[in-house]
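Just query28.pdb here, PDB, C-alpha atoms, pLDDT in the B column:
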MODEL        1
ATOM      1  CA  MET A   1      43.552  -0.753 -56.754  1.00 58.00           C
ATOM      2  CA  HIS A   2      45.920  -2.719 -59.032  1.00 63.00           C
ATOM      3  CA  ARG A   3      48.199   0.321 -59.405  1.00 72.00           C
ATOM      4  CA  TYR A   4      49.251   0.024 -55.756  1.00 75.00           C
ATOM      5  CA  ASP A   5      51.626  -2.495 -54.216  1.00 82.00           C
ATOM      6  CA  PRO A   6      50.175  -5.310 -52.047  1.00 85.00           C
ATOM      7  CA  ALA A   7      50.820  -3.451 -48.776  1.00 89.00           C
ATOM      8  CA  ARG A   8      48.879  -0.385 -49.919  1.00 89.00           C
ATOM      9  CA  GLN A   9      46.122  -2.563 -51.350  1.00 89.00           C
ATOM     10  CA  LYS A  10      45.727  -4.183 -47.929  1.00 92.00           C
ATOM     11  CA  LEU A  11      45.662  -0.727 -46.345  1.00 93.00           C
ATOM     12  CA  ALA A  12      42.847   0.297 -48.713  1.00 91.00           C
ATOM     13  CA  LEU A  13      40.894  -2.849 -47.795  1.00 93.00           C
ATOM     14  CA  GLY A  14      41.427  -2.103 -44.105  1.00 95.00           C
ATOM     15  CA  LEU A  15      40.176   1.436 -44.611  1.00 95.00           C
ATOM     16  CA  ALA A  16      37.062   0.175 -46.419  1.00 93.00           C
ATOM     17  CA  LEU A  17      36.479  -2.200 -43.497  1.00 95.00           C
ATOM     18  CA  LEU A  18      36.720   0.767 -41.123  1.00 96.00           C
ATOM     19  CA  ALA A  19      34.251   2.775 -43.218  1.00 95.00           C
ATOM     20  CA  GLY A  20      31.754  -0.081 -43.127  1.00 94.00           C
ATOM     21  CA  CYS A  21      31.997  -0.368 -39.351  1.00 95.00           C
ATOM     22  CA  VAL A  22      31.676   3.385 -38.812  1.00 96.00           C
ATOM     23  CA  ASP A  23      28.760   3.627 -41.234  1.00 94.00           C
ATOM     24  CA  ALA A  24      26.897   0.750 -39.594  1.00 95.00           C
ATOM     25  CA  THR A  25      27.409   2.285 -36.165  1.00 95.00           C
ATOM     26  CA  GLY A  26      26.182   5.667 -37.355  1.00 93.00           C
ATOM     27  CA  PHE A  27      23.205   4.043 -39.072  1.00 94.00           C
ATOM     28  CA  VAL A  28      22.102   2.439 -35.797  1.00 94.00           C
ATOM     29  CA  VAL A  29      22.796   5.505 -33.645  1.00 93.00           C
ATOM     30  CA  ALA A  30      21.125   7.955 -36.059  1.00 89.00           C
ATOM     31  CA  GLY A  31      18.189   5.701 -36.861  1.00 89.00           C
ATOM     32  CA  GLY A  32      18.779   5.266 -40.580  1.00 90.00           C
ATOM     33  CA  TYR A  33      21.297   7.923 -41.588  1.00 92.00           C
ATOM     34  CA  PHE A  34      24.882   7.409 -42.705  1.00 92.00           C
ATOM     35  CA  THR A  35      28.291   8.727 -41.690  1.00 92.00           C
ATOM     36  CA  SER A  36      30.077   7.846 -44.934  1.00 89.00           C
ATOM     37  CA  PHE A  37      27.431   7.068 -47.577  1.00 88.00           C
ATOM     38  CA  MET A  38      26.401  10.536 -48.737  1.00 91.00           C
ATOM     39  CA  SER A  39      24.258   9.297 -51.629  1.00 88.00           C
ATOM     40  CA  GLY A  40      21.929   7.734 -49.086  1.00 89.00           C
ATOM     41  CA  ASN A  41      21.899  10.887 -46.986  1.00 92.00           C
ATOM     42  CA  THR A  42      21.184  12.986 -50.073  1.00 93.00           C
ATOM     43  CA  THR A  43      18.181  10.804 -50.924  1.00 93.00           C
ATOM     44  CA  ARG A  44      16.937  11.101 -47.332  1.00 92.00           C
ATOM     45  CA  LEU A  45      17.480  14.876 -47.504  1.00 94.00           C
ATOM     46  CA  GLY A  46      15.385  15.209 -50.657  1.00 94.00           C
ATOM     47  CA  VAL A  47      12.580  13.029 -49.356  1.00 93.00           C
ATOM     48  CA  GLU A  48      12.424  14.749 -45.981  1.00 91.00           C
ATOM     49  CA  LEU A  49      12.484  18.232 -47.481  1.00 93.00           C
ATOM     50  CA  GLY A  50       9.320  17.250 -49.319  1.00 90.00           C
ATOM     51  CA  VAL A  51       7.645  15.299 -46.523  1.00 89.00           C
ATOM     52  CA  GLU A  52       8.855  16.630 -43.151  1.00 87.00           C
ATOM     53  CA  PRO A  53      11.380  19.473 -43.560  1.00 88.00           C
ATOM     54  CA  ALA A  54      12.436  19.565 -39.910  1.00 85.00           C
ATOM     55  CA  LEU A  55      13.969  16.094 -40.246  1.00 86.00           C
ATOM     56  CA  ALA A  56      16.151  17.265 -43.131  1.00 90.00           C
ATOM     57  CA  LEU A  57      18.529  18.909 -40.648  1.00 92.00           C
ATOM     58  CA  VAL A  58      20.041  15.525 -39.760  1.00 92.00           C
ATOM     59  CA  PRO A  59      21.197  14.430 -43.243  1.00 92.00           C
ATOM     60  CA  LEU A  60      22.123  18.037 -44.066  1.00 94.00           C
ATOM     61  CA  GLY A  61      24.402  18.191 -41.029  1.00 94.00           C
ATOM     62  CA  LEU A  62      26.030  14.860 -41.902  1.00 95.00           C
ATOM     63  CA  ILE A  63      26.611  15.913 -45.503  1.00 95.00           C
ATOM     64  CA  ALA A  64      28.136  19.180 -44.294  1.00 95.00           C
ATOM     65  CA  GLY A  65      30.387  17.318 -41.862  1.00 95.00           C
ATOM     66  CA  PHE A  66      31.543  14.892 -44.544  1.00 95.00           C
ATOM     67  CA  LEU A  67      32.214  17.713 -47.009  1.00 95.00           C
ATOM     68  CA  ALA A  68      34.169  19.626 -44.379  1.00 96.00           C
ATOM     69  CA  GLY A  69      36.259  16.505 -43.805  1.00 95.00           C
ATOM     70  CA  VAL A  70      36.988  16.118 -47.515  1.00 94.00           C
ATOM     71  CA  ILE A  71      38.079  19.763 -47.732  1.00 94.00           C
ATOM     72  CA  CYS A  72      40.258  19.607 -44.616  1.00 95.00           C
ATOM     73  CA  GLY A  73      41.782  16.300 -45.698  1.00 93.00           C
ATOM     74  CA  ALA A  74      42.625  17.671 -49.143  1.00 92.00           C
ATOM     75  CA  LEU A  75      44.213  20.783 -47.610  1.00 93.00           C
ATOM     76  CA  ALA A  76      46.198  18.677 -45.130  1.00 92.00           C
ATOM     77  CA  ARG A  77      47.451  16.431 -47.930  1.00 90.00           C
ATOM     78  CA  ARG A  78      48.732  19.460 -49.835  1.00 89.00           C
ATOM     79  CA  ARG A  79      50.790  20.523 -46.817  1.00 90.00           C
ATOM     80  CA  VAL A  80      52.672  17.283 -46.202  1.00 89.00           C
ATOM     81  CA  SER A  81      55.060  15.315 -48.378  1.00 84.00           C
ATOM     82  CA  GLU A  82      53.711  12.427 -50.459  1.00 81.00           C
ATOM     83  CA  GLY A  83      55.764  10.034 -48.342  1.00 84.00           C
ATOM     84  CA  ALA A  84      53.956  11.047 -45.168  1.00 89.00           C
ATOM     85  CA  SER A  85      50.449  11.746 -46.461  1.00 91.00           C
ATOM     86  CA  LYS A  86      48.754   8.462 -45.609  1.00 92.00           C
ATOM     87  CA  ARG A  87      49.920   8.292 -42.008  1.00 93.00           C
ATOM     88  CA  THR A  88      49.128  11.986 -41.508  1.00 95.00           C
ATOM     89  CA  LEU A  89      45.574  11.655 -42.783  1.00 96.00           C
ATOM     90  CA  LEU A  90      44.964   8.380 -40.964  1.00 96.00           C
ATOM     91  CA  GLY A  91      46.287  10.014 -37.807  1.00 96.00           C
ATOM     92  CA  LEU A  92      43.609  12.688 -38.197  1.00 96.00           C
ATOM     93  CA  VAL A  93      40.967  10.017 -38.854  1.00 97.00           C
ATOM     94  CA  ALA A  94      42.009   8.086 -35.747  1.00 97.00           C
ATOM     95  CA  THR A  95      42.015  11.226 -33.590  1.00 97.00           C
ATOM     96  CA  LEU A  96      38.513  12.171 -34.744  1.00 97.00           C
ATOM     97  CA  LEU A  97      37.139   8.667 -34.168  1.00 97.00           C
ATOM     98  CA  VAL A  98      38.612   8.610 -30.663  1.00 97.00           C
ATOM     99  CA  LEU A  99      36.928  11.982 -29.995  1.00 97.00           C
ATOM    100  CA  ALA A 100      33.703  10.658 -31.532  1.00 97.00           C
ATOM    101  CA  THR A 101      33.811   7.656 -29.202  1.00 96.00           C
ATOM    102  CA  GLY A 102      34.328   9.966 -26.250  1.00 96.00           C
ATOM    103  CA  SER A 103      31.354  12.008 -27.397  1.00 95.00           C
ATOM    104  CA  MET A 104      29.154   8.907 -27.474  1.00 95.00           C
ATOM    105  CA  LEU A 105      30.434   7.875 -24.042  1.00 94.00           C
ATOM    106  CA  ALA A 106      29.362  11.308 -22.768  1.00 94.00           C
ATOM    107  CA  GLY A 107      25.872  10.734 -24.190  1.00 91.00           C
ATOM    108  CA  PHE A 108      26.324  13.218 -27.045  1.00 93.00           C
ATOM    109  CA  ASP A 109      25.335  11.005 -29.977  1.00 92.00           C
ATOM    110  CA  SER A 110      24.985  13.865 -32.443  1.00 92.00           C
ATOM    111  CA  GLY A 111      28.612  14.766 -31.731  1.00 94.00           C
ATOM    112  CA  PHE A 112      29.638  11.209 -32.554  1.00 95.00           C
ATOM    113  CA  LEU A 113      27.756  11.319 -35.848  1.00 95.00           C
ATOM    114  CA  TRP A 114      29.222  14.624 -36.985  1.00 95.00           C
ATOM    115  CA  LEU A 115      32.797  13.748 -35.981  1.00 97.00           C
ATOM    116  CA  ALA A 116      32.518  10.331 -37.643  1.00 96.00           C
ATOM    117  CA  ALA A 117      31.233  11.903 -40.873  1.00 96.00           C
ATOM    118  CA  PHE A 118      34.091  14.431 -40.723  1.00 97.00           C
ATOM    119  CA  ALA A 119      36.583  11.573 -40.270  1.00 97.00           C
ATOM    120  CA  MET A 120      35.165   9.637 -43.223  1.00 95.00           C
ATOM    121  CA  GLY A 121      35.472  12.728 -45.399  1.00 94.00           C
ATOM    122  CA  ILE A 122      39.160  12.945 -44.523  1.00 95.00           C
ATOM    123  CA  ALA A 123      39.569   9.193 -45.183  1.00 94.00           C
ATOM    124  CA  ASN A 124      38.644   9.640 -48.836  1.00 91.00           C
ATOM    125  CA  ASN A 125      41.844  11.633 -49.374  1.00 92.00           C
ATOM    126  CA  VAL A 126      44.137   8.808 -48.246  1.00 91.00           C
ATOM    127  CA  PHE A 127      44.254   7.250 -51.708  1.00 87.00           C
ATOM    128  CA  SER A 128      44.395  10.142 -54.142  1.00 81.00           C
ATOM    129  CA  ARG A 129      46.735  11.498 -56.757  1.00 77.00           C
ATOM    130  CA  ASP A 130      46.911  14.998 -58.267  1.00 69.00           C
ATOM    131  CA  GLY A 131      43.770  16.007 -56.389  1.00 66.00           C
ATOM    132  CA  GLU A 132      41.738  13.042 -57.683  1.00 69.00           C
ATOM    133  CA  VAL A 133      40.547  10.090 -55.587  1.00 73.00           C
ATOM    134  CA  THR A 134      42.135   6.884 -56.892  1.00 72.00           C
ATOM    135  CA  VAL A 135      40.399   4.483 -54.494  1.00 80.00           C
ATOM    136  CA  GLY A 136      37.035   5.373 -52.976  1.00 76.00           C
ATOM    137  CA  VAL A 137      36.989   3.735 -49.570  1.00 81.00           C
ATOM    138  CA  THR A 138      33.590   4.797 -48.211  1.00 78.00           C
ATOM    139  CA  TYR A 139      31.331   4.351 -51.262  1.00 77.00           C
ATOM    140  CA  MET A 140      31.162   1.241 -53.412  1.00 76.00           C
ATOM    141  CA  THR A 141      28.920   1.944 -56.404  1.00 74.00           C
ATOM    142  CA  GLY A 142      31.917   2.685 -58.617  1.00 75.00           C
ATOM    143  CA  ALA A 143      33.795  -0.341 -57.267  1.00 74.00           C
ATOM    144  CA  LEU A 144      30.870  -2.628 -58.047  1.00 76.00           C
ATOM    145  CA  VAL A 145      30.577  -1.173 -61.559  1.00 81.00           C
ATOM    146  CA  ARG A 146      34.264  -1.849 -62.224  1.00 76.00           C
ATOM    147  CA  PHE A 147      33.998  -5.320 -60.719  1.00 78.00           C
ATOM    148  CA  GLY A 148      30.961  -6.085 -62.866  1.00 81.00           C
ATOM    149  CA  GLN A 149      32.707  -4.773 -65.970  1.00 80.00           C
ATOM    150  CA  GLY A 150      35.654  -7.006 -65.124  1.00 79.00           C
ATOM    151  CA  ILE A 151      33.364 -10.041 -64.917  1.00 82.00           C
ATOM    152  CA  ALA A 152      31.820  -9.143 -68.276  1.00 85.00           C
ATOM    153  CA  ALA A 153      35.286  -8.756 -69.813  1.00 79.00           C
ATOM    154  CA  ARG A 154      36.382 -12.117 -68.425  1.00 80.00           C
ATOM    155  CA  LEU A 155      33.251 -13.803 -69.801  1.00 81.00           C
ATOM    156  CA  SER A 156      34.088 -12.249 -73.167  1.00 82.00           C
ATOM    157  CA  GLY A 157      37.620 -13.612 -73.039  1.00 76.00           C
ATOM    158  CA  GLN A 158      39.210 -10.217 -72.441  1.00 77.00           C
ATOM    159  CA  PRO A 159      40.054 -10.068 -68.719  1.00 70.00           C
ATOM    160  CA  VAL A 160      40.703  -6.626 -67.248  1.00 68.00           C
ATOM    161  CA  ALA A 161      43.681  -6.374 -64.910  1.00 67.00           C
ATOM    162  CA  GLY A 162      42.818  -5.518 -61.321  1.00 67.00           C
ATOM    163  CA  SER A 163      39.033  -5.753 -61.523  1.00 70.00           C
ATOM    164  CA  ARG A 164      39.002  -8.404 -58.802  1.00 75.00           C
ATOM    165  CA  GLY A 165      40.405  -5.865 -56.353  1.00 79.00           C
ATOM    166  CA  TYR A 166      37.254  -3.771 -56.586  1.00 81.00           C
ATOM    167  CA  GLY A 167      35.169  -6.774 -55.593  1.00 85.00           C
ATOM    168  CA  LEU A 168      37.410  -7.251 -52.572  1.00 88.00           C
ATOM    169  CA  LEU A 169      37.013  -3.583 -51.706  1.00 88.00           C
ATOM    170  CA  TRP A 170      33.224  -3.975 -51.679  1.00 89.00           C
ATOM    171  CA  LEU A 171      33.519  -7.134 -49.601  1.00 91.00           C
ATOM    172  CA  ALA A 172      35.735  -5.353 -47.053  1.00 93.00           C
ATOM    173  CA  LEU A 173      33.158  -2.604 -46.572  1.00 91.00           C
ATOM    174  CA  ALA A 174      30.371  -5.184 -46.265  1.00 93.00           C
ATOM    175  CA  LEU A 175      32.315  -7.144 -43.651  1.00 95.00           C
ATOM    176  CA  GLY A 176      33.017  -3.957 -41.723  1.00 95.00           C
ATOM    177  CA  ALA A 177      29.310  -3.123 -41.740  1.00 94.00           C
ATOM    178  CA  LEU A 178      28.520  -6.657 -40.580  1.00 96.00           C
ATOM    179  CA  GLY A 179      30.989  -6.355 -37.718  1.00 96.00           C
ATOM    180  CA  GLY A 180      29.773  -2.905 -36.714  1.00 95.00           C
ATOM    181  CA  GLY A 181      26.141  -3.989 -36.846  1.00 95.00           C
ATOM    182  CA  ALA A 182      26.834  -7.106 -34.803  1.00 96.00           C
ATOM    183  CA  LEU A 183      28.647  -5.096 -32.114  1.00 96.00           C
ATOM    184  CA  CYS A 184      25.758  -2.617 -32.045  1.00 95.00           C
ATOM    185  CA  LEU A 185      23.476  -5.477 -30.993  1.00 94.00           C
ATOM    186  CA  TYR A 186      25.384  -5.425 -27.713  1.00 93.00           C
ATOM    187  CA  ASP A 187      26.175  -1.733 -27.457  1.00 94.00           C
ATOM    188  CA  PRO A 188      26.854   0.935 -30.123  1.00 94.00           C
ATOM    189  CA  LEU A 189      29.620   2.254 -27.873  1.00 95.00           C
ATOM    190  CA  LEU A 190      31.432  -1.068 -28.285  1.00 96.00           C
ATOM    191  CA  ALA A 191      31.257  -0.672 -32.080  1.00 96.00           C
ATOM    192  CA  ALA A 192      32.594   2.887 -31.789  1.00 96.00           C
ATOM    193  CA  VAL A 193      35.508   1.702 -29.628  1.00 96.00           C
ATOM    194  CA  ALA A 194      36.296  -1.068 -32.128  1.00 96.00           C
ATOM    195  CA  ALA A 195      36.295   1.426 -35.018  1.00 96.00           C
ATOM    196  CA  ALA A 196      38.573   3.827 -33.129  1.00 96.00           C
ATOM    197  CA  GLY A 197      40.949   0.979 -32.256  1.00 96.00           C
ATOM    198  CA  TRP A 198      41.034  -0.248 -35.851  1.00 96.00           C
ATOM    199  CA  SER A 199      41.766   3.267 -37.112  1.00 96.00           C
ATOM    200  CA  LEU A 200      44.792   3.438 -34.801  1.00 96.00           C
ATOM    201  CA  LEU A 201      46.060   0.142 -36.228  1.00 97.00           C
ATOM    202  CA  LEU A 202      45.626   1.499 -39.757  1.00 96.00           C
ATOM    203  CA  CYS A 203      47.589   4.606 -38.811  1.00 95.00           C
ATOM    204  CA  PHE A 204      50.422   2.403 -37.539  1.00 95.00           C
ATOM    205  CA  ALA A 205      50.273   0.291 -40.720  1.00 94.00           C
ATOM    206  CA  ALA A 206      50.501   3.423 -42.870  1.00 94.00           C
ATOM    207  CA  TYR A 207      53.518   4.570 -40.865  1.00 93.00           C
ATOM    208  CA  ARG A 208      55.231   1.212 -41.446  1.00 92.00           C
ATOM    209  CA  ILE A 209      54.475   1.361 -45.183  1.00 91.00           C
ATOM    210  CA  GLU A 210      55.711   4.923 -45.647  1.00 89.00           C
ATOM    211  CA  THR A 211      58.877   4.578 -43.554  1.00 87.00           C
ATOM    212  CA  ARG A 212      60.108   1.179 -44.662  1.00 80.00           C
ATOM    213  CA  VAL A 213      63.423   1.156 -46.502  1.00 47.00           C
TER     214      VAL A 213
ENDMDL
END

Would you mind writing the file out in structure tokens?
Amino acid sequence: MHRYDPARQKLALGLALLAGCVDATGFVVAGGYFTSFMSGNTTRLGVELGVEPALALVPLGLIAGFLAGVICGALARRRVSEGASKRTLLGLVATLLVLATGSMLAGFDSGFLWLAAFAMGIANNVFSRDGEVTVGVTYMTGALVRFGQGIAARLSGQPVAGSRGYGLLWLALALGALGGGALCLYDPLLAAVAAAGWSLLLCFAAYRIETRV
């Protein structure tokens, strides 16, 4: 996080917020599965393969959708210039979330889940360098580890630069999940619309960042 300028740091926080909202919405719609947290889906996959194999199709489909998104996002990033990569990928994310919202509106919840997982896979390519993810925006275990290590270093009198940013990244995802969950109390479709709208704002923000003089 600390390697990026303040504008890009804010964009990363906004993307983590989006991931939290999308994940919370998918969790409610799917009844306990995730659209961005593949560790959780992998655990559910393993358990259900051993207990009730037919149910394993749901997490397997979400994992496949997420992986397909990662692959497509990485390929798309290779085909555009570095100065246009973030807005290009966020444009794809926004398009997919709009389509996912339309799918939910049509009563096709499984379509929403798969498209949302695909979009979150693409989102993980927004902050990457030389084919490696530099900021994970949909999973926070690594961010919490770095934040915790930063706290330990500070307590030892050897503060680590930028560790606070990882705590903020976790907080952004948590707040997004809170917002998505709260909107789902009224209607999951409302949460999906909010996520799609937020993704469009992020796309615009990325455009402003990459085209400013």

Using all atoms listed in the file - which residues lie no farther than 12 Å from the point (24.7, 9.8, -44.3) in the file's frame? Write them as a ChimeraX atom specification. /A:19,22-45,56-67,113-114,116-118,120-121,138-139

10 Å contact set for A:Gly167, only C-alpha atoms, chain neighbours under 5 positions out, as number ranges by chain: A: 140, 143-148, 150, 162, 172

Please list as a ChimeraX atom specification every residue within 12 Å of A:Thr211, counting all atoms listed in the file and excluding residues in the same chain fewer than 6 positions away. /A:82-87,204-205

Measure the distance from atom CA of A:Leu97 to atom CA of A:Pro53 in Å and round it to one decimal.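 About the pair atom CA of A:Leu97 and atom CA of A:Pro53: they are 29.5 Å apart.
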
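Atom pair atom CA of A:Ala119 / atom CA of A:Arg77: separated by 14.2 Å.
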
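Reported to one decimal place, the separation of atom CA of A:Ser199 from atom CA of A:Arg8 is 15.1 Å.
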
List, as a VMD selection string, every residue that the PyMOL selection byres ((chain A and resi 21) around 9) selects in the file provided. chain A and resid 16 to 20 22 to 26 173 to 181 191 to 192 194 to 195

Find the axis-aligned box for stretch 62-73 of chain A, covering all its listed atoms and adding 6 Å on each side, and write its centre and edge lengths in Å to one decimal as JSON.
{"center_x": 33.9, "center_y": 17.3, "center_z": -44.8, "size_x": 27.8, "size_y": 16.9, "size_z": 17.9}

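Of the listed residues A:Leu90, A:Ala54, A:Val193, A:Val135, the one whose atoms come nearest to A:Tyr166 is A:Val135, with distances taken using only C-alpha atoms.
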